[in-house]
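One file, protein-v5.cif, carrying mmCIF, N, CA and C atoms:
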```
data_data
#
loop_
_atom_site.label_atom_id
_atom_site.label_comp_id
_atom_site.auth_asym_id
_atom_site.auth_seq_id
_atom_site.Cartn_x
_atom_site.Cartn_y
_atom_site.Cartn_z
N VAL X 1 5.80 -30.61 -2.46
CA VAL X 1 5.14 -30.24 -1.21
C VAL X 1 4.15 -31.33 -0.85
N ILE X 2 4.28 -31.83 0.35
CA ILE X 2 3.38 -32.87 0.84
C ILE X 2 2.70 -32.33 2.08
N THR X 3 1.39 -32.32 2.07
CA THR X 3 0.63 -31.82 3.19
C THR X 3 0.04 -32.98 3.96
N GLY X 4 0.19 -32.94 5.27
CA GLY X 4 -0.39 -33.99 6.11
C GLY X 4 0.39 -34.16 7.39
N GLU X 5 -0.12 -35.00 8.25
CA GLU X 5 0.57 -35.31 9.50
C GLU X 5 1.71 -36.27 9.19
N ALA X 6 2.90 -35.92 9.66
CA ALA X 6 4.09 -36.73 9.35
C ALA X 6 4.76 -37.21 10.62
N ARG X 7 5.40 -38.36 10.51
CA ARG X 7 6.17 -38.93 11.61
C ARG X 7 7.45 -39.53 11.05
N PHE X 8 8.55 -39.25 11.72
CA PHE X 8 9.81 -39.89 11.33
C PHE X 8 9.80 -41.32 11.83
N ARG X 9 10.05 -42.24 10.93
CA ARG X 9 10.15 -43.66 11.31
C ARG X 9 11.58 -43.99 11.69
N ASP X 10 12.51 -43.38 10.99
CA ASP X 10 13.93 -43.48 11.33
C ASP X 10 14.62 -42.27 10.72
N ARG X 11 15.92 -42.24 10.75
CA ARG X 11 16.70 -41.08 10.32
C ARG X 11 16.48 -40.71 8.84
N ASN X 12 16.09 -41.66 8.00
CA ASN X 12 15.94 -41.41 6.57
C ASN X 12 14.53 -41.68 6.05
N THR X 13 13.56 -41.88 6.93
CA THR X 13 12.22 -42.24 6.48
C THR X 13 11.16 -41.43 7.23
N VAL X 14 10.25 -40.85 6.45
CA VAL X 14 9.11 -40.12 7.01
C VAL X 14 7.84 -40.79 6.51
N GLN X 15 6.90 -40.98 7.40
CA GLN X 15 5.60 -41.55 7.06
C GLN X 15 4.59 -40.40 7.06
N VAL X 16 3.90 -40.20 5.92
CA VAL X 16 2.84 -39.20 5.80
C VAL X 16 1.61 -39.94 5.30
N GLY X 17 0.64 -40.13 6.20
CA GLY X 17 -0.53 -40.92 5.84
C GLY X 17 -0.09 -42.31 5.42
N ASP X 18 -0.50 -42.74 4.22
CA ASP X 18 -0.12 -44.05 3.69
C ASP X 18 1.25 -44.03 2.99
N ARG X 19 1.79 -42.83 2.81
CA ARG X 19 3.04 -42.70 2.04
C ARG X 19 4.26 -42.81 2.94
N GLU X 20 5.27 -43.45 2.43
CA GLU X 20 6.56 -43.54 3.09
C GLU X 20 7.58 -42.86 2.19
N ILE X 21 8.28 -41.86 2.72
CA ILE X 21 9.24 -41.11 1.93
C ILE X 21 10.63 -41.31 2.52
N ARG X 22 11.55 -41.74 1.65
CA ARG X 22 12.94 -41.92 2.08
C ARG X 22 13.79 -40.85 1.42
N ALA X 23 14.69 -40.27 2.22
CA ALA X 23 15.59 -39.24 1.70
C ALA X 23 16.77 -39.08 2.63
N ARG X 24 17.81 -38.50 2.09
CA ARG X 24 18.98 -38.21 2.92
C ARG X 24 18.72 -36.99 3.80
N ARG X 25 17.97 -36.01 3.26
CA ARG X 25 17.65 -34.78 4.01
C ARG X 25 16.18 -34.43 3.79
N PHE X 26 15.58 -33.78 4.79
CA PHE X 26 14.19 -33.34 4.71
C PHE X 26 14.11 -31.86 5.05
N VAL X 27 13.15 -31.17 4.44
CA VAL X 27 12.81 -29.79 4.81
C VAL X 27 11.42 -29.85 5.40
N ILE X 28 11.29 -29.37 6.60
CA ILE X 28 9.99 -29.36 7.27
C ILE X 28 9.54 -27.90 7.37
N ALA X 29 8.47 -27.56 6.67
CA ALA X 29 7.93 -26.20 6.68
C ALA X 29 6.53 -26.27 7.29
N THR X 30 6.44 -25.93 8.56
CA THR X 30 5.18 -26.08 9.28
C THR X 30 4.31 -24.83 9.24
N GLY X 31 4.82 -23.75 8.67
CA GLY X 31 4.06 -22.52 8.62
C GLY X 31 4.25 -21.70 9.88
N SER X 32 3.59 -20.58 9.93
CA SER X 32 3.71 -19.70 11.10
C SER X 32 2.44 -18.88 11.26
N ARG X 33 2.33 -18.28 12.42
CA ARG X 33 1.22 -17.37 12.71
C ARG X 33 1.81 -16.10 13.28
N PRO X 34 1.26 -14.95 12.88
CA PRO X 34 1.79 -13.70 13.43
C PRO X 34 1.46 -13.60 14.92
N ALA X 35 2.39 -13.07 15.67
CA ALA X 35 2.18 -12.86 17.11
C ALA X 35 2.56 -11.43 17.44
N PRO X 36 1.73 -10.73 18.19
CA PRO X 36 2.09 -9.36 18.56
C PRO X 36 3.34 -9.36 19.43
N PRO X 37 4.19 -8.36 19.26
CA PRO X 37 5.40 -8.29 20.09
C PRO X 37 5.03 -8.03 21.55
N PRO X 38 5.90 -8.41 22.47
CA PRO X 38 5.61 -8.23 23.90
C PRO X 38 5.83 -6.79 24.35
N ILE X 39 4.92 -5.92 23.96
CA ILE X 39 4.99 -4.51 24.32
C ILE X 39 3.82 -4.21 25.25
N PRO X 40 4.07 -3.63 26.42
CA PRO X 40 2.97 -3.31 27.32
C PRO X 40 1.90 -2.47 26.62
N GLY X 41 0.64 -2.87 26.79
CA GLY X 41 -0.49 -2.14 26.22
C GLY X 41 -0.91 -2.60 24.85
N ILE X 42 -0.13 -3.44 24.20
CA ILE X 42 -0.48 -3.85 22.84
C ILE X 42 -1.76 -4.68 22.81
N ASP X 43 -2.02 -5.38 23.93
CA ASP X 43 -3.23 -6.21 24.00
C ASP X 43 -4.50 -5.37 24.02
N LYS X 44 -4.39 -4.07 24.31
CA LYS X 44 -5.56 -3.18 24.33
C LYS X 44 -5.70 -2.38 23.04
N ALA X 45 -4.75 -2.55 22.14
CA ALA X 45 -4.75 -1.80 20.88
C ALA X 45 -5.41 -2.62 19.78
N SER X 46 -5.81 -1.92 18.74
CA SER X 46 -6.33 -2.58 17.55
C SER X 46 -5.14 -2.95 16.67
N VAL X 47 -4.76 -4.24 16.70
CA VAL X 47 -3.56 -4.70 16.01
C VAL X 47 -3.94 -5.40 14.71
N LEU X 48 -3.25 -5.04 13.65
CA LEU X 48 -3.43 -5.68 12.35
C LEU X 48 -2.20 -6.51 12.05
N THR X 49 -2.38 -7.57 11.30
CA THR X 49 -1.26 -8.37 10.81
C THR X 49 -1.16 -8.15 9.30
N MET X 50 -0.14 -8.73 8.68
CA MET X 50 -0.02 -8.63 7.23
C MET X 50 -1.27 -9.18 6.55
N ALA X 51 -1.82 -10.25 7.08
CA ALA X 51 -3.01 -10.85 6.47
C ALA X 51 -4.24 -9.99 6.71
N SER X 52 -4.43 -9.52 7.93
CA SER X 52 -5.67 -8.79 8.24
C SER X 52 -5.70 -7.40 7.62
N VAL X 53 -4.54 -6.79 7.40
CA VAL X 53 -4.54 -5.46 6.79
C VAL X 53 -5.07 -5.53 5.35
N LEU X 54 -4.88 -6.68 4.70
CA LEU X 54 -5.35 -6.84 3.32
C LEU X 54 -6.85 -7.08 3.23
N THR X 55 -7.49 -7.35 4.36
CA THR X 55 -8.93 -7.62 4.35
C THR X 55 -9.75 -6.41 4.79
N LEU X 56 -9.10 -5.29 5.07
CA LEU X 56 -9.82 -4.09 5.52
C LEU X 56 -10.77 -3.60 4.42
N SER X 57 -11.96 -3.19 4.82
CA SER X 57 -12.89 -2.62 3.85
C SER X 57 -12.77 -1.09 3.79
N ARG X 58 -12.13 -0.51 4.81
CA ARG X 58 -11.87 0.94 4.83
C ARG X 58 -10.44 1.16 5.27
N ARG X 59 -9.83 2.18 4.74
CA ARG X 59 -8.45 2.47 5.14
C ARG X 59 -8.46 3.15 6.50
N PRO X 60 -7.47 2.83 7.34
CA PRO X 60 -7.37 3.52 8.62
C PRO X 60 -6.91 4.96 8.41
N GLU X 61 -7.40 5.86 9.23
CA GLU X 61 -6.97 7.26 9.14
C GLU X 61 -5.48 7.37 9.45
N ARG X 62 -5.06 6.67 10.52
CA ARG X 62 -3.66 6.67 10.95
C ARG X 62 -3.21 5.24 11.18
N LEU X 63 -1.93 4.98 10.91
CA LEU X 63 -1.40 3.64 11.06
C LEU X 63 0.04 3.74 11.53
N ILE X 64 0.37 2.96 12.57
CA ILE X 64 1.76 2.83 13.01
C ILE X 64 2.20 1.42 12.64
N VAL X 65 3.28 1.33 11.91
CA VAL X 65 3.84 0.05 11.51
C VAL X 65 5.03 -0.23 12.41
N LEU X 66 4.97 -1.36 13.14
CA LEU X 66 6.08 -1.75 14.01
C LEU X 66 7.02 -2.65 13.24
N GLY X 67 8.23 -2.18 13.03
CA GLY X 67 9.22 -2.97 12.32
C GLY X 67 9.64 -2.30 11.03
N CYS X 68 10.93 -2.38 10.75
CA CYS X 68 11.51 -1.75 9.56
C CYS X 68 11.88 -2.77 8.49
N GLY X 69 11.27 -3.95 8.54
CA GLY X 69 11.55 -4.97 7.55
C GLY X 69 10.74 -4.76 6.28
N SER X 70 10.94 -5.64 5.33
CA SER X 70 10.33 -5.48 4.01
C SER X 70 8.80 -5.51 4.06
N GLU X 71 8.21 -6.39 4.86
CA GLU X 71 6.74 -6.45 4.93
C GLU X 71 6.17 -5.16 5.51
N GLY X 72 6.80 -4.65 6.56
CA GLY X 72 6.33 -3.40 7.16
C GLY X 72 6.43 -2.23 6.21
N VAL X 73 7.54 -2.17 5.48
CA VAL X 73 7.74 -1.08 4.51
C VAL X 73 6.70 -1.18 3.39
N GLU X 74 6.43 -2.39 2.96
CA GLU X 74 5.44 -2.61 1.90
C GLU X 74 4.06 -2.12 2.33
N VAL X 75 3.63 -2.52 3.51
CA VAL X 75 2.32 -2.10 4.01
C VAL X 75 2.29 -0.59 4.23
N ALA X 76 3.36 -0.05 4.81
CA ALA X 76 3.40 1.39 5.08
C ALA X 76 3.25 2.20 3.81
N GLN X 77 3.99 1.85 2.78
CA GLN X 77 3.91 2.62 1.54
C GLN X 77 2.55 2.46 0.87
N ALA X 78 2.03 1.25 0.87
CA ALA X 78 0.72 1.04 0.25
C ALA X 78 -0.37 1.85 0.97
N MET X 79 -0.38 1.79 2.30
CA MET X 79 -1.41 2.49 3.06
C MET X 79 -1.25 4.01 2.93
N ARG X 80 -0.04 4.48 2.87
CA ARG X 80 0.19 5.92 2.69
C ARG X 80 -0.34 6.36 1.34
N ARG X 81 -0.08 5.58 0.32
CA ARG X 81 -0.55 5.94 -1.03
C ARG X 81 -2.05 5.83 -1.17
N LEU X 82 -2.68 5.07 -0.25
CA LEU X 82 -4.14 5.02 -0.21
C LEU X 82 -4.72 6.15 0.62
N GLY X 83 -3.86 6.92 1.30
CA GLY X 83 -4.33 8.10 2.02
C GLY X 83 -4.20 8.06 3.53
N SER X 84 -3.72 6.98 4.10
CA SER X 84 -3.53 6.92 5.55
C SER X 84 -2.30 7.72 5.97
N SER X 85 -2.33 8.27 7.16
CA SER X 85 -1.15 8.87 7.77
C SER X 85 -0.36 7.72 8.38
N VAL X 86 0.92 7.55 8.00
CA VAL X 86 1.68 6.37 8.38
C VAL X 86 2.99 6.75 9.07
N THR X 87 3.27 6.01 10.14
CA THR X 87 4.54 6.11 10.86
C THR X 87 5.14 4.72 10.96
N ILE X 88 6.42 4.60 10.63
CA ILE X 88 7.15 3.34 10.81
C ILE X 88 8.05 3.51 12.02
N VAL X 89 7.96 2.56 12.95
CA VAL X 89 8.82 2.56 14.15
C VAL X 89 9.51 1.21 14.22
N GLY X 90 10.83 1.23 14.29
CA GLY X 90 11.55 -0.03 14.36
C GLY X 90 12.78 0.04 15.23
N ALA X 91 13.15 -1.09 15.81
CA ALA X 91 14.32 -1.17 16.68
C ALA X 91 15.63 -1.17 15.87
N GLU X 92 15.55 -1.50 14.59
CA GLU X 92 16.74 -1.56 13.74
C GLU X 92 16.66 -0.46 12.68
N ASP X 93 17.69 -0.42 11.84
CA ASP X 93 17.67 0.47 10.69
C ASP X 93 16.68 -0.06 9.67
N LEU X 94 16.18 0.80 8.83
CA LEU X 94 15.28 0.43 7.75
C LEU X 94 15.95 -0.63 6.88
N LEU X 95 15.25 -1.74 6.64
CA LEU X 95 15.73 -2.80 5.75
C LEU X 95 17.19 -3.15 6.02
N ALA X 96 17.49 -3.41 7.29
CA ALA X 96 18.86 -3.56 7.77
C ALA X 96 19.69 -4.61 7.02
N ASP X 97 19.07 -5.63 6.47
CA ASP X 97 19.82 -6.69 5.80
C ASP X 97 19.99 -6.46 4.30
N GLU X 98 19.53 -5.33 3.81
CA GLU X 98 19.58 -5.07 2.37
C GLU X 98 20.75 -4.16 2.00
N ASP X 99 20.97 -4.01 0.71
CA ASP X 99 22.05 -3.17 0.19
C ASP X 99 21.85 -1.72 0.64
N PRO X 100 22.85 -1.11 1.28
CA PRO X 100 22.69 0.26 1.80
C PRO X 100 22.32 1.29 0.74
N GLU X 101 22.85 1.16 -0.47
CA GLU X 101 22.50 2.14 -1.52
C GLU X 101 21.03 2.02 -1.91
N ALA X 102 20.54 0.80 -2.02
CA ALA X 102 19.12 0.59 -2.35
C ALA X 102 18.24 1.09 -1.21
N VAL X 103 18.66 0.84 0.02
CA VAL X 103 17.88 1.29 1.18
C VAL X 103 17.81 2.81 1.22
N ALA X 104 18.89 3.48 0.86
CA ALA X 104 18.89 4.94 0.84
C ALA X 104 17.84 5.47 -0.14
N LEU X 105 17.72 4.83 -1.29
CA LEU X 105 16.69 5.23 -2.27
C LEU X 105 15.28 5.02 -1.70
N ILE X 106 15.08 3.88 -1.06
CA ILE X 106 13.76 3.57 -0.49
C ILE X 106 13.44 4.52 0.65
N ARG X 107 14.43 4.81 1.50
CA ARG X 107 14.21 5.74 2.61
C ARG X 107 13.76 7.11 2.09
N ARG X 108 14.46 7.60 1.06
CA ARG X 108 14.09 8.90 0.48
C ARG X 108 12.68 8.87 -0.09
N ALA X 109 12.31 7.77 -0.75
CA ALA X 109 10.97 7.65 -1.32
C ALA X 109 9.91 7.64 -0.22
N LEU X 110 10.16 6.91 0.86
CA LEU X 110 9.20 6.87 1.96
C LEU X 110 9.02 8.26 2.58
N LEU X 111 10.12 8.94 2.82
CA LEU X 111 10.04 10.29 3.40
C LEU X 111 9.35 11.25 2.44
N ARG X 112 9.65 11.13 1.14
CA ARG X 112 9.00 11.97 0.12
C ARG X 112 7.49 11.72 0.09
N ASP X 113 7.09 10.46 0.32
CA ASP X 113 5.66 10.12 0.36
C ASP X 113 4.97 10.65 1.61
N GLY X 114 5.76 11.12 2.59
CA GLY X 114 5.17 11.65 3.81
C GLY X 114 5.08 10.65 4.96
N ILE X 115 5.82 9.56 4.87
CA ILE X 115 5.84 8.56 5.93
C ILE X 115 6.84 9.01 6.99
N ALA X 116 6.40 9.04 8.25
CA ALA X 116 7.31 9.35 9.36
C ALA X 116 8.10 8.09 9.67
N LEU X 117 9.40 8.22 9.80
CA LEU X 117 10.28 7.07 9.98
C LEU X 117 11.10 7.24 11.25
N HIS X 118 10.98 6.26 12.17
CA HIS X 118 11.74 6.27 13.42
C HIS X 118 12.52 4.97 13.52
N GLU X 119 13.80 5.05 13.12
CA GLU X 119 14.68 3.88 13.16
C GLU X 119 15.43 3.84 14.48
N ARG X 120 15.87 2.63 14.86
CA ARG X 120 16.62 2.43 16.11
C ARG X 120 15.85 3.01 17.30
N ALA X 121 14.57 2.79 17.30
CA ALA X 121 13.71 3.33 18.36
C ALA X 121 13.36 2.24 19.36
N GLU X 122 13.26 2.62 20.61
CA GLU X 122 12.83 1.69 21.66
C GLU X 122 11.35 1.92 21.89
N ILE X 123 10.55 0.89 21.72
CA ILE X 123 9.12 1.01 21.92
C ILE X 123 8.82 0.63 23.38
N LEU X 124 8.37 1.59 24.16
CA LEU X 124 8.15 1.36 25.58
C LEU X 124 6.75 0.86 25.91
N ARG X 125 5.75 1.38 25.19
CA ARG X 125 4.36 0.95 25.43
C ARG X 125 3.47 1.43 24.28
N VAL X 126 2.31 0.82 24.21
CA VAL X 126 1.31 1.22 23.22
C VAL X 126 0.21 1.97 23.94
#
```

Will you turn the file into structure tokens for me?
Amino acid sequence: VITGEARFRDRNTVQVGDREIRARRFVIATGSRPAPPPIPGIDKASVLTMASVLTLSRRPERLIVLGCGSEGVEVAQAMRRLGSSVTIVGAEDLLADEDPEAVALIRRALLRDGIALHERAEILRV
């Protein structure tokens, strides 16, 4: 991992600071920032990200998790077990890219924990 401002000098050479790196292929990982989905009213809501939810000093009484992916499921289960009332709302099936048998076990555990689950839902506004 090399951190710094980089520029391609040619097809096989990248300059990072004083360093020149030659390779046949490069992987460029620039990072990312969470962005709220384009849902009307979300700009007026108190929105948490994966990073900000971990910095809370008090648990929220109620929490709606948008998305049925692994990060959303992780946060939902953790917050529920800490005592928050949690609802998961997602446009797809729960953990859609995972093994269906494993997902069935996780779905049952979430429901048993008291998490409300709304899959294949259209979110109209916040």

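All residues in chain X with a DSSP state of strand (DSSP E), computed from the backbone, read Ala6, Arg7, Phe8, Arg9, Asp10, Thr13, Val14, Gln15, Val16, Arg19, Glu20, Ile21, Arg22, Arg62, Leu63, Ile64, Val65, Leu66, Ser85, Val86, Thr87, Ile88, Val89, Ala116, Leu117 and His118 of chain X.
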
field: Expected selection from the PyMOL selection byres ((chain X and resi 16-33) around 6), given as an MDAnalysis selection string
entry: chainID X and resid 4:7 12:15 34:35

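Minimum distance to Ile88 in chain X across X:Leu111, X:Val73, X:Ala116, X:Ala104 (counting all atoms listed in the file) occurs at X:Ala116.
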
Each side padded by 8 Å, which centre and which edge lengths in Å (one decimal) define the axis-aligned box around the listed atoms of range 112-115 of chain X? Give them as AutoDock Vina command-line options.
```
--center_x 7.3 --center_y 10.3 --center_z 3.5 --size_x 20.7 --size_y 19.4 --size_z 22.9
```

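Coordinates place atom N of Val89 in chain X at a distance of 17.8 Å from atom N of Leu54 in chain X.
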
Proximity to Asp93 in chain X - best of X:Val1, X:Cys68, X:Met50, X:Leu124, all atoms listed in the file: X:Cys68

Reference answer for the PyMOL selection byres (((chain X and resi 80-87 and name CA) around 10) and name CA), as a tab-separated table (two decimals) with N, CA and C atoms, in the coordinates of the input:
```
chain	number	residue	atom	x	y	z
X	59	ARG	N	-9.83	2.18	4.74
X	59	ARG	CA	-8.45	2.47	5.14
X	59	ARG	C	-8.46	3.15	6.50
X	60	PRO	N	-7.47	2.83	7.34
X	60	PRO	CA	-7.37	3.52	8.62
X	60	PRO	C	-6.91	4.96	8.41
X	61	GLU	N	-7.40	5.86	9.23
X	61	GLU	CA	-6.97	7.26	9.14
X	61	GLU	C	-5.48	7.37	9.45
X	62	ARG	N	-5.06	6.67	10.52
X	62	ARG	CA	-3.66	6.67	10.95
X	62	ARG	C	-3.21	5.24	11.18
X	63	LEU	N	-1.93	4.98	10.91
X	63	LEU	CA	-1.40	3.64	11.06
X	63	LEU	C	0.04	3.74	11.53
X	64	ILE	N	0.37	2.96	12.57
X	64	ILE	CA	1.76	2.83	13.01
X	64	ILE	C	2.20	1.42	12.64
X	65	VAL	N	3.28	1.33	11.91
X	65	VAL	CA	3.84	0.05	11.51
X	65	VAL	C	5.03	-0.23	12.41
X	66	LEU	N	4.97	-1.36	13.14
X	66	LEU	CA	6.08	-1.75	14.01
X	66	LEU	C	7.02	-2.65	13.24
X	75	VAL	N	3.63	-2.52	3.51
X	75	VAL	CA	2.32	-2.10	4.01
X	75	VAL	C	2.29	-0.59	4.23
X	76	ALA	N	3.36	-0.05	4.81
X	76	ALA	CA	3.40	1.39	5.08
X	76	ALA	C	3.25	2.20	3.81
X	77	GLN	N	3.99	1.85	2.78
X	77	GLN	CA	3.91	2.62	1.54
X	77	GLN	C	2.55	2.46	0.87
X	78	ALA	N	2.03	1.25	0.87
X	78	ALA	CA	0.72	1.04	0.25
X	78	ALA	C	-0.37	1.85	0.97
X	79	MET	N	-0.38	1.79	2.30
X	79	MET	CA	-1.41	2.49	3.06
X	79	MET	C	-1.25	4.01	2.93
X	88	ILE	N	6.42	4.60	10.63
X	88	ILE	CA	7.15	3.34	10.81
X	88	ILE	C	8.05	3.51	12.02
X	89	VAL	N	7.96	2.56	12.95
X	89	VAL	CA	8.82	2.56	14.15
X	89	VAL	C	9.51	1.21	14.22
X	90	GLY	N	10.83	1.23	14.29
X	90	GLY	CA	11.55	-0.03	14.36
X	90	GLY	C	12.78	0.04	15.23
X	110	LEU	N	10.16	6.91	0.86
X	110	LEU	CA	9.20	6.87	1.96
X	110	LEU	C	9.02	8.26	2.58
X	113	ASP	N	7.09	10.46	0.32
X	113	ASP	CA	5.66	10.12	0.36
X	113	ASP	C	4.97	10.65	1.61
X	114	GLY	N	5.76	11.12	2.59
X	114	GLY	CA	5.17	11.65	3.81
X	114	GLY	C	5.08	10.65	4.96
X	115	ILE	N	5.82	9.56	4.87
X	115	ILE	CA	5.84	8.56	5.93
X	115	ILE	C	6.84	9.01	6.99
X	116	ALA	N	6.40	9.04	8.25
X	116	ALA	CA	7.31	9.35	9.36
X	116	ALA	C	8.10	8.09	9.67
X	117	LEU	N	9.40	8.22	9.80
X	117	LEU	CA	10.28	7.07	9.98
X	117	LEU	C	11.10	7.24	11.25
X	118	HIS	N	10.98	6.26	12.17
X	118	HIS	CA	11.74	6.27	13.42
X	118	HIS	C	12.52	4.97	13.52
```

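Of note, CA of Leu56 in chain X and CA of Ser70 in chain X are spaced 20.3 Å apart.
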
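Under the PyMOL selection byres (((chain X and resi 40 and name CA) around 10) and name CA), the matching residues in the shown file are Pro37, Pro38, Ile39, Gly41, Ile42, Asp43, Lys44, Ile123, Leu124, Arg125 and Val126 of chain X.
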
task: Using atom N of Gly69 in chain X and CA of Leu94 in chain X as the two end points, give the distance in Å to one decimal.
output: 6.0 Å

message: Residues of range 22-94 of chain X classed as helix (DSSP H, G or I) by DSSP on the backbone are to be reported as an MDAnalysis selection string.
response: chainID X and resid 42:44 50:53 70:81
